[in-house]
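Raw contents of final_12.csv, CSV, C-alpha atoms and all ligand atoms:
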chain,number,residue,atom,x,y,z
D,224,MET,CA,-16.4,-10.7,-25.4
D,225,ILE,CA,-16.2,-11.6,-21.7
D,226,LYS,CA,-19.6,-12.5,-20.1
D,227,ALA,CA,-18.3,-13.9,-16.8
D,228,VAL,CA,-15.4,-13.4,-14.4
D,229,ILE,CA,-14.3,-16.3,-12.2
D,230,PHE,CA,-12.3,-15.2,-9.2
D,231,ASP,CA,-9.9,-17.4,-7.2
D,232,LEU,CA,-10.6,-16.8,-3.5
D,233,ASP,CA,-7.4,-17.1,-1.4
D,234,GLY,CA,-5.0,-14.3,-2.3
D,235,VAL,CA,-7.4,-12.7,-4.9
D,236,ILE,CA,-10.5,-11.8,-3.0
D,237,VAL,CA,-9.4,-12.4,0.6
D,238,SER,CA,-5.9,-12.3,2.2
D,239,THR,CA,-6.3,-15.9,3.5
D,240,ASP,CA,-3.2,-16.9,1.6
D,241,GLU,CA,-1.1,-15.6,4.5
D,242,PHE,CA,-3.1,-17.8,7.0
D,243,HIS,CA,-2.5,-20.9,4.8
D,244,TYR,CA,1.2,-20.1,5.0
D,245,LEU,CA,1.2,-19.6,8.8
D,246,GLY,CA,-0.8,-22.9,9.3
D,247,TRP,CA,1.7,-24.9,7.2
D,248,GLN,CA,4.7,-23.2,8.8
D,249,ARG,CA,3.4,-24.1,12.3
D,250,LEU,CA,2.9,-27.8,11.2
D,251,ALA,CA,6.3,-28.0,9.5
D,252,ASP,CA,8.1,-26.5,12.5
D,253,GLU,CA,6.3,-29.0,14.9
D,254,GLU,CA,7.3,-31.9,12.6
D,255,GLY,CA,10.9,-30.6,12.2
D,256,ILE,CA,10.5,-30.2,8.4
D,257,TYR,CA,12.2,-27.4,6.6
D,258,PHE,CA,9.7,-25.0,5.1
D,259,ASN,CA,9.8,-21.4,3.9
D,260,ARG,CA,7.8,-18.8,1.9
D,261,LYS,CA,9.5,-19.9,-1.3
D,262,ILE,CA,8.2,-23.5,-0.9
D,263,ASN,CA,4.8,-22.0,0.1
D,264,GLU,CA,4.5,-20.4,-3.3
D,265,ARG,CA,4.1,-23.9,-4.8
D,266,LEU,CA,1.1,-24.5,-2.5
D,267,ARG,CA,-1.0,-21.7,-4.0
D,268,GLY,CA,-4.1,-23.2,-5.7
D,269,VAL,CA,-3.1,-26.8,-4.8
D,270,SER,CA,-5.4,-29.0,-2.6
D,271,ARG,CA,-4.7,-29.6,1.0
D,272,LEU,CA,-3.4,-33.1,0.6
D,273,GLU,CA,-1.3,-32.2,-2.5
D,274,SER,CA,0.1,-29.3,-0.5
D,275,LEU,CA,1.2,-31.7,2.3
D,276,GLU,CA,2.9,-33.9,-0.3
D,277,ILE,CA,5.0,-30.9,-1.4
D,278,ILE,CA,5.9,-30.1,2.2
D,279,LEU,CA,6.9,-33.8,2.8
D,280,GLU,CA,9.4,-33.6,0.0
D,281,LYS,CA,11.8,-32.1,2.6
D,282,THR,CA,11.7,-35.1,5.0
D,283,ASP,CA,13.1,-38.6,4.7
D,284,LYS,CA,10.4,-39.8,7.2
D,285,ASN,CA,7.8,-42.0,5.7
D,286,TYR,CA,4.3,-41.1,6.8
D,287,GLY,CA,1.4,-43.5,6.2
D,288,GLN,CA,-1.9,-42.5,4.7
D,289,GLU,CA,-3.6,-42.2,8.1
D,290,GLU,CA,-0.7,-40.1,9.4
D,291,LYS,CA,-0.9,-37.8,6.4
D,292,LYS,CA,-4.6,-37.3,6.9
D,293,ALA,CA,-3.9,-36.4,10.6
D,294,LEU,CA,-1.2,-33.9,9.5
D,295,ALA,CA,-3.5,-32.3,7.0
D,296,ASP,CA,-6.3,-32.1,9.6
D,297,ARG,CA,-3.9,-30.5,12.1
D,298,LYS,CA,-2.9,-27.8,9.6
D,299,ASN,CA,-6.5,-27.2,8.8
D,300,GLY,CA,-7.2,-26.8,12.6
D,301,TYR,CA,-4.5,-24.1,12.8
D,302,TYR,CA,-5.8,-22.5,9.7
D,303,ARG,CA,-9.4,-22.5,11.0
D,304,GLU,CA,-8.2,-20.8,14.2
D,305,LEU,CA,-6.9,-17.9,12.1
D,306,LEU,CA,-10.0,-17.9,9.9
D,307,ASN,CA,-12.1,-17.2,13.0
D,308,THR,CA,-10.6,-13.7,13.1
D,309,LEU,CA,-11.7,-13.0,9.5
D,310,SER,CA,-14.0,-10.0,8.8
D,311,PRO,CA,-15.0,-7.9,5.8
D,312,ALA,CA,-11.8,-5.9,6.5
D,313,ASP,CA,-9.8,-8.8,5.1
D,314,ILE,CA,-11.2,-8.4,1.6
D,315,LEU,CA,-8.2,-7.4,-0.6
D,316,PRO,CA,-8.0,-3.8,-1.9
D,317,GLY,CA,-10.0,-3.2,-5.1
D,318,ALA,CA,-11.7,-6.7,-5.1
D,319,LEU,CA,-15.2,-5.7,-3.9
D,320,GLU,CA,-15.2,-2.5,-6.1
D,321,LEU,CA,-14.3,-4.6,-9.2
D,322,VAL,CA,-16.9,-7.4,-8.4
D,323,ASN,CA,-19.7,-4.8,-7.9
D,324,GLY,CA,-18.6,-2.8,-11.0
D,325,LEU,CA,-18.8,-6.0,-13.1
D,326,LYS,CA,-22.2,-6.9,-11.7
D,327,ASN,CA,-23.5,-3.4,-12.4
D,328,ALA,CA,-22.2,-3.8,-16.0
D,329,GLY,CA,-24.2,-7.1,-16.4
D,330,ILE,CA,-21.2,-9.4,-16.2
D,331,LYS,CA,-21.7,-12.5,-14.1
D,332,VAL,CA,-19.2,-13.2,-11.3
D,333,ALA,CA,-18.2,-16.5,-9.6
D,334,ILE,CA,-15.7,-18.0,-7.2
D,335,GLY,CA,-13.4,-20.8,-8.4
D,336,SER,CA,-11.3,-22.1,-5.5
D,337,SER,CA,-9.7,-25.4,-4.5
D,338,SER,CA,-10.5,-24.6,-0.9
D,339,ARG,CA,-12.9,-26.7,1.1
D,340,ASN,CA,-13.1,-23.7,3.5
D,341,THR,CA,-14.7,-21.5,0.8
D,342,PRO,CA,-18.3,-21.4,2.3
D,343,PHE,CA,-16.9,-20.5,5.7
D,344,ILE,CA,-14.6,-17.7,4.3
D,345,LEU,CA,-17.4,-16.2,2.2
D,346,GLU,CA,-19.7,-16.2,5.3
D,347,LYS,CA,-17.0,-14.6,7.6
D,348,THR,CA,-16.3,-11.8,5.0
D,349,GLY,CA,-19.9,-11.0,4.3
D,350,LEU,CA,-19.6,-12.3,0.7
D,351,ALA,CA,-21.9,-15.4,1.0
D,352,ALA,CA,-24.6,-13.8,-1.3
D,353,THR,CA,-22.3,-11.8,-3.6
D,354,PHE,CA,-21.5,-14.2,-6.4
D,355,ASP,CA,-23.7,-15.7,-9.1
D,356,ALA,CA,-22.0,-19.1,-8.6
D,357,VAL,CA,-19.5,-20.7,-6.2
D,358,SER,CA,-17.3,-23.6,-7.4
D,359,ASP,CA,-15.0,-24.9,-4.7
D,360,GLY,CA,-12.9,-27.8,-3.3
D,361,ASN,CA,-16.0,-29.5,-1.9
D,362,GLN,CA,-17.4,-30.0,-5.4
D,363,ILE,CA,-14.4,-31.2,-7.5
D,364,LYS,CA,-12.2,-34.2,-7.8
D,365,ARG,CA,-9.1,-32.7,-9.3
D,366,SER,CA,-7.5,-29.4,-8.1
D,367,LYS,CA,-5.7,-26.8,-10.2
D,368,PRO,CA,-3.9,-26.9,-12.7
D,369,ASP,CA,-6.8,-29.2,-13.7
D,370,PRO,CA,-9.6,-27.0,-15.2
D,371,GLU,CA,-12.4,-28.8,-13.4
D,372,VAL,CA,-13.1,-26.0,-10.8
D,373,PHE,CA,-13.4,-23.3,-13.5
D,374,LEU,CA,-15.4,-25.4,-15.9
D,375,LEU,CA,-17.9,-26.1,-13.1
D,376,ALA,CA,-18.2,-22.4,-12.3
D,377,ALA,CA,-18.8,-21.6,-16.0
D,378,ALA,CA,-21.4,-24.4,-16.3
D,379,LYS,CA,-23.2,-23.1,-13.2
D,380,MET,CA,-23.5,-19.7,-14.8
D,381,HIS,CA,-24.4,-21.1,-18.3
D,382,ILE,CA,-21.6,-19.2,-19.9
D,383,PRO,CA,-19.2,-20.9,-22.5
D,384,PRO,CA,-15.6,-21.2,-21.2
D,385,ALA,CA,-14.3,-19.0,-24.1
D,386,GLN,CA,-16.4,-16.1,-22.7
D,387,CYS,CA,-15.0,-16.4,-19.2
D,388,LEU,CA,-12.0,-14.6,-17.6
D,389,VAL,CA,-10.3,-16.1,-14.6
D,390,VAL,CA,-8.5,-13.9,-12.0
D,391,GLU,CA,-5.7,-15.8,-10.3
D,392,ASP,CA,-2.7,-15.4,-7.9
D,393,ALA,CA,-1.4,-18.9,-8.4
D,394,ASP,CA,0.7,-20.3,-11.2
D,395,ALA,CA,-1.4,-23.6,-11.0
D,396,GLY,CA,-4.5,-21.4,-11.3
D,397,VAL,CA,-3.3,-19.6,-14.4
D,398,GLU,CA,-2.6,-23.0,-16.0
D,399,ALA,CA,-6.0,-24.3,-14.9
D,400,ALA,CA,-7.6,-21.2,-16.7
D,401,ILE,CA,-5.6,-21.9,-19.9
D,402,ASN,CA,-6.5,-25.6,-19.7
D,403,ALA,CA,-10.2,-24.6,-19.4
D,404,GLY,CA,-9.9,-22.5,-22.6
D,405,MET,CA,-10.5,-19.3,-20.6
D,406,LYS,CA,-8.7,-15.9,-20.5
D,407,CYS,CA,-6.6,-15.2,-17.4
D,408,LEU,CA,-5.7,-12.0,-15.5
D,409,ALA,CA,-2.7,-12.9,-13.2
D,410,VAL,CA,-2.3,-10.9,-10.0
D,411,GLY,CA,0.2,-10.8,-7.2
D,412,SER,CA,2.3,-14.0,-7.0
D,413,ALA,CA,1.3,-15.2,-10.5
D,414,TYR,CA,2.3,-11.8,-12.1
D,415,LEU,CA,5.2,-13.2,-14.0
D,416,HIS,CA,3.4,-16.3,-15.4
D,417,PRO,CA,4.0,-16.1,-19.2
D,418,GLY,CA,0.6,-17.7,-20.0
D,419,ALA,CA,-1.4,-14.8,-18.5
D,420,HIS,CA,-3.4,-12.6,-20.9
D,421,MET,CA,-3.2,-9.6,-18.6
D,422,ARG,CA,-1.4,-8.9,-15.3
D,423,ALA,CA,-1.6,-6.5,-12.4
D,424,ASN,CA,0.0,-6.3,-9.0
D,425,SER,CA,-3.4,-5.7,-7.3
D,426,LEU,CA,-7.0,-5.5,-8.3
D,427,ILE,CA,-6.9,-1.8,-7.5
D,428,GLU,CA,-5.3,-1.3,-10.9
D,429,ILE,CA,-8.1,-3.1,-12.8
D,430,SER,CA,-11.3,-1.4,-14.0
D,431,VAL,CA,-14.4,-2.8,-15.6
D,432,ALA,CA,-13.3,-1.2,-18.9
D,433,ASP,CA,-10.1,-3.3,-18.7
D,434,ILE,CA,-12.3,-6.5,-18.5
D,435,PHE,CA,-14.3,-5.3,-21.5
D,436,SER,CA,-11.1,-4.8,-23.5
D,437,PHE,CA,-10.6,-8.5,-23.8
B,1,LIG,C1,-6.6,-22.7,-2.2
B,1,LIG,C2,-5.2,-22.2,-1.7
B,1,LIG,C3,-4.3,-23.4,-1.4
B,1,LIG,C4,-5.0,-24.4,-0.5
B,1,LIG,C5,-6.3,-24.9,-1.2
B,1,LIG,C6,-7.0,-25.9,-0.3
B,1,LIG,O1,-6.4,-23.1,-3.5
B,1,LIG,O2,-4.6,-21.3,-2.6
B,1,LIG,O3,-3.1,-22.9,-0.8
B,1,LIG,O4,-4.1,-25.5,-0.2
B,1,LIG,O5,-7.1,-23.8,-1.4
B,1,LIG,O6,-7.5,-25.2,0.8
B,1,LIG,P1,-8.3,-25.8,2.1
B,1,LIG,O7,-8.9,-24.6,2.7
B,1,LIG,O8,-9.3,-26.8,1.5
B,1,LIG,O9,-7.3,-26.5,2.9
B,2,MG,MG,-5.1,-18.1,-4.7
Would you mind writing the structure in this file as structure tokens?
Ligand code: G6P
Ligand code: MG
Amino acid sequence: MIKAVIFDLDGVIVSTDEFHYLGWQRLADEEGIYFNRKINERLRGVSRLESLEIILEKTDKNYGQEEKKALADRKNGYYRELLNTLSPADILPGALELVNGLKNAGIKVAIGSSSRNTPFILEKTGLAATFDAVSDGNQIKRSKPDPEVFLLAAAKMHIPPAQCLVVEDADAGVEAAINAGMKCLAVGSAYLHPGAHMRANSLIEISVADIFSF
């Protein structure tokens, strides 16, 4: 029986996954590094610096630690410019309806995101007071597929991992959920992940009854 649902943020609750892509594409173009949407898929759920390492696989140039930090900061600046335009209109279709339906049914809801921009995004979209717990990139040492971010969310809600369901759009996130001993609903880009327990193209397709069916 599921007692809590932990939602990934970027690409599940809010359409910020596109802004991440645009920020990295701008940085890669400026640095003359080949990058495209296919490579971008590997960055979903992965921390900022680990994302940069994936982008740097396409260059022979050796960047030192300070230079890498500067590149990641630059991308974050481009990303934050785009985040400034965020509003409740950027909440993905079906997300708020499902979150509110779960709360009304007595199921706890949390955010489990690798992003250090999570508090800012929740504020801009009017969701800062919506969730029972927020576990994000500012509070963890290891990003997905490590289960740390989801285990922290479960601990904050005092719900055992086995009674938690994770909603994810990243392959790394589906793996993190499995590593945490949780059930996983894969949406969007993670749709084809074989480890998912349920899948949907969009949260519009998912009802509270579907969650109770686990
Ligand atoms: C999420 C996104 C990733 C992003 C990571 C870190 O997991 O899916 O694409 O790299 O957060 O985000 P940040 O906002 O801290 O750079
Ligand atoms: Mg995501």
As a quick test: using only C-alpha atoms and all ligand atoms, which residues lie no more than 6 Å away from ligand MG 2 (chain B)? Give them as a VMD selection string.
chain D and resid 231 to 235 267 to 268 392 to 393
Counting only C-alpha atoms and all ligand atoms, which residues of chain D sit at most 10 Å from some atom of ligand LIG 1 (chain B), and what is each one's closest atom pair with its distance in Å to one decimal, listed by chain and rising residue number, as a tab-separated table?
residue	atom	partner	partner_atom	distance
D:Asp231	CA	B:LIG1	O1	7.6
D:Leu232	CA	B:LIG1	C1	7.2
D:Asp233	CA	B:LIG1	O2	5.2
D:Gly234	CA	B:LIG1	O2	7.0
D:Val235	CA	B:LIG1	O2	9.3
D:Thr239	CA	B:LIG1	C2	8.2
D:Asp240	CA	B:LIG1	O2	6.2
D:Glu241	CA	B:LIG1	O3	9.2
D:Phe242	CA	B:LIG1	O3	9.3
D:His243	CA	B:LIG1	O3	6.0
D:Tyr244	CA	B:LIG1	O3	7.7
D:Gly246	CA	B:LIG1	O9	9.8
D:Trp247	CA	B:LIG1	O4	9.4
D:Asn263	CA	B:LIG1	O3	8.0
D:Glu264	CA	B:LIG1	O3	8.4
D:Arg265	CA	B:LIG1	O3	8.3
D:Leu266	CA	B:LIG1	O3	4.8
D:Arg267	CA	B:LIG1	O2	3.9
D:Gly268	CA	B:LIG1	O1	3.2
D:Val269	CA	B:LIG1	O4	4.9
D:Ser270	CA	B:LIG1	C6	4.2
D:Arg271	CA	B:LIG1	O4	4.3
D:Leu272	CA	B:LIG1	O4	7.7
D:Glu273	CA	B:LIG1	O4	7.6
D:Ser274	CA	B:LIG1	O4	5.7
D:Leu275	CA	B:LIG1	O4	8.5
D:Ala295	CA	B:LIG1	O9	8.1
D:Asp296	CA	B:LIG1	O9	8.8
D:Lys298	CA	B:LIG1	O9	8.1
D:Asn299	CA	B:LIG1	O9	6.0
D:Gly300	CA	B:LIG1	O9	9.7
D:Tyr302	CA	B:LIG1	O7	7.9
D:Arg303	CA	B:LIG1	O7	8.6
D:Leu306	CA	B:LIG1	O7	9.9
D:Gly335	CA	B:LIG1	O1	8.8
D:Ser336	CA	B:LIG1	O1	5.4
D:Ser337	CA	B:LIG1	O1	4.1
D:Ser338	CA	B:LIG1	O8	3.5
D:Arg339	CA	B:LIG1	O8	3.6
D:Asn340	CA	B:LIG1	O7	4.4
D:Thr341	CA	B:LIG1	O7	6.8
D:Pro342	CA	B:LIG1	O7	9.9
D:Phe343	CA	B:LIG1	O7	9.5
D:Ile344	CA	B:LIG1	O7	9.1
D:Asp359	CA	B:LIG1	O5	8.6
D:Gly360	CA	B:LIG1	O8	6.1
D:Asn361	CA	B:LIG1	O8	8.0
D:Ser366	CA	B:LIG1	O1	7.9
D:Lys367	CA	B:LIG1	O1	7.7
D:Glu391	CA	B:LIG1	O2	9.5
D:Asp392	CA	B:LIG1	O2	8.2
D:Ala393	CA	B:LIG1	O2	7.0
D:Ala395	CA	B:LIG1	O1	9.0
D:Gly396	CA	B:LIG1	O1	8.2
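CA of Leu345 (chain D) lies 22.4 Å from CA of Cys407 (chain D).
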Rounded to one decimal, what separation in Å do you get between CA of Lys261 (chain D) and CA of Ile427 (chain D)?
25.2 Å
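Coordinates place CA of Glu320 (chain D) at a distance of 10.9 Å from CA of Ile236 (chain D).
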Just checking: using only C-alpha atoms, which residue out of D:Leu321, D:Val397, D:Met224, D:Ala251 ends up closest to Thr282 (chain D)?
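Using only C-alpha atoms, the shortest distance to Thr282 (chain D) belongs to D:Ala251.
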Sel. within 10 Å of pt (-3.8, -21.0, -19.1), counting all atoms listed in the file, output as a PyMOL selection string
chain D and resi 368+370+389+394-408+416-420
